[in-house]
Amino acid sequence: MLSKRLSKWSREEIGNINDQVSKWKAEIQLLYEIDTNSNTDNSRTEANKVYVEYIQWLSKQESLLKQKTQTKWFEDGDSNTKYFHSLLREKRRRLQLHRIKNHRGKWIQKENNIAKAAVKHFDSLFNLPKPTLNPYLFSCIPKCILEEDNMKLFAIPNENEIKDDVFNLSADSTTGPDGYNGTFFRHYWDIIKHDIVDFVREFFNGKRLTKFYSHTCLALIPKINAPANFFRIRAYQPFQFYQ
C-alpha cells in the first residue's frame with residue numbers, strides 16, 4: 001500500500017525526472033543567451049536561479065541511474081549521465097534471454113514460456129528429498145560451545161543490536177518484494193523501528209513466521225552470454241527474509 005502511494009505521489013508531485021532535466025537544460029541555455037546579449041544583474045540572477053534548479057534535477061537523475069545500474073563505487077565528482085545510461089543499456093542487453101532449452105532439450109521462446117520453464121527447473125532443483133541422517137553421527141561430534149555461549153545465542157536481541165543489523169544493509173542493495181532497500185530502512189528508522197523490533201523479538205520468543213516471510217525471490221543471472229540451458233544460469237536470491 002505504501003509503495004503504491006509513493007508511486008502516485010512521485011508521478012503527481014515530481015513527474016518524469018528525465019523530462020525535467022531536459023526542460024531545465026533548455027531553459028538555462030535560453031537564459032544564458034539572454035544574459036550574454038543583455039548583460040544585466042537581473043538576467044544573471046535569473047540564469048543563476050534556473051541553473052540551481054537544473055543541478056538539483058540532474059542530481060536526482062544521476063541518483064536514479066546509480067540505483068538502476070547498482071554501481072557501488074560511484075563517488076562525488078565522477079558523475080557522468082551518459083556513462084550510467086550506457087551501463088544500464090549494457091546490463092539490460094546482457095541479462096535478456098530471448099530463447100533457451102527446456103528440460104527436454106527443446107528450444108523455447110517468449111517471456112511467458114521461458115518463465116514457466118525456469119520455475120519448473122528450479123522448483124525440481126530446490127525441492128530434492130530430504131536425506132536421512134543417522135542420529136549416531138551427532139554423538140561423534142565434540143561439543144565446542146560452552147553452555148554460557150549457547151545461552152547467548154538464544155538471548156532476545158535488544159533494539160541496538162537489531163538496528164545495527166538493519167543499518168548494515170547496503171544502502172543501494174537490491175530491494176525485496178516490497179520494493180524497499182537499505183536506504184528506506186535507514187531514513188525512516190524512527191518511524192518503523194517499533195514494528196521491526198517487535199517483529200524480531202516475537203520471532204525469538206517462538207512465534208512462527210507466516211508463509212510470506214519464508215518466500216524466496218530468484219533472479220536468473222546468465223553465467224555466459226546467450227546461455228543454451230538453465231545450467232548456465234545462476235539463481236541469485238536478491239531477497240530472502242528467512243528460510
# chains A, B, ... in the order shown; residues from 1 in each chain; ligands from 1

call {"tool": "residues_around", "arguments": {"residues": "Glu46 of chain A", "least_positions_apart": "2", "cutoff": "12 Å", "atoms": "only C-alpha atoms", "output": "PyMOL selection string"}}
result
chain A and resi 27-35+39-44+48-53

call {"tool": "closest_residue", "arguments": {"among": "A:Asn18, A:Asn134, A:Ser10, A:Asn158", "to": "Arg201 of chain A", "atoms": "only C-alpha atoms"}}
result
A:Asn158

call {"tool": "residues_around", "arguments": {"residues": "segment 112-121 of chain A", "least_positions_apart": "4", "cutoff": "7 Å", "atoms": "only C-alpha atoms", "output": "ChimeraX atom specification"}}
result
/A:102,108,125

call {"tool": "write_last_selection", "arguments": {"atoms": "N, CA and C atoms", "output": "short mmCIF file (atom, residue, chain, number, x, y, z; two decimals), in the first residue's frame"}}
result
data_model
loop_
_atom_site.label_atom_id
_atom_site.label_comp_id
_atom_site.auth_asym_id
_atom_site.auth_seq_id
_atom_site.Cartn_x
_atom_site.Cartn_y
_atom_site.Cartn_z
N ASN A 102 14.57 -26.22 -22.78
CA ASN A 102 13.93 -26.71 -21.56
C ASN A 102 14.55 -28.05 -21.15
N ILE A 108 12.78 -23.04 -26.54
CA ILE A 108 11.53 -22.34 -26.26
C ILE A 108 11.80 -20.83 -26.32
N LEU A 125 14.92 -28.47 -8.67
CA LEU A 125 16.28 -28.40 -8.15
C LEU A 125 16.29 -28.12 -6.65
#
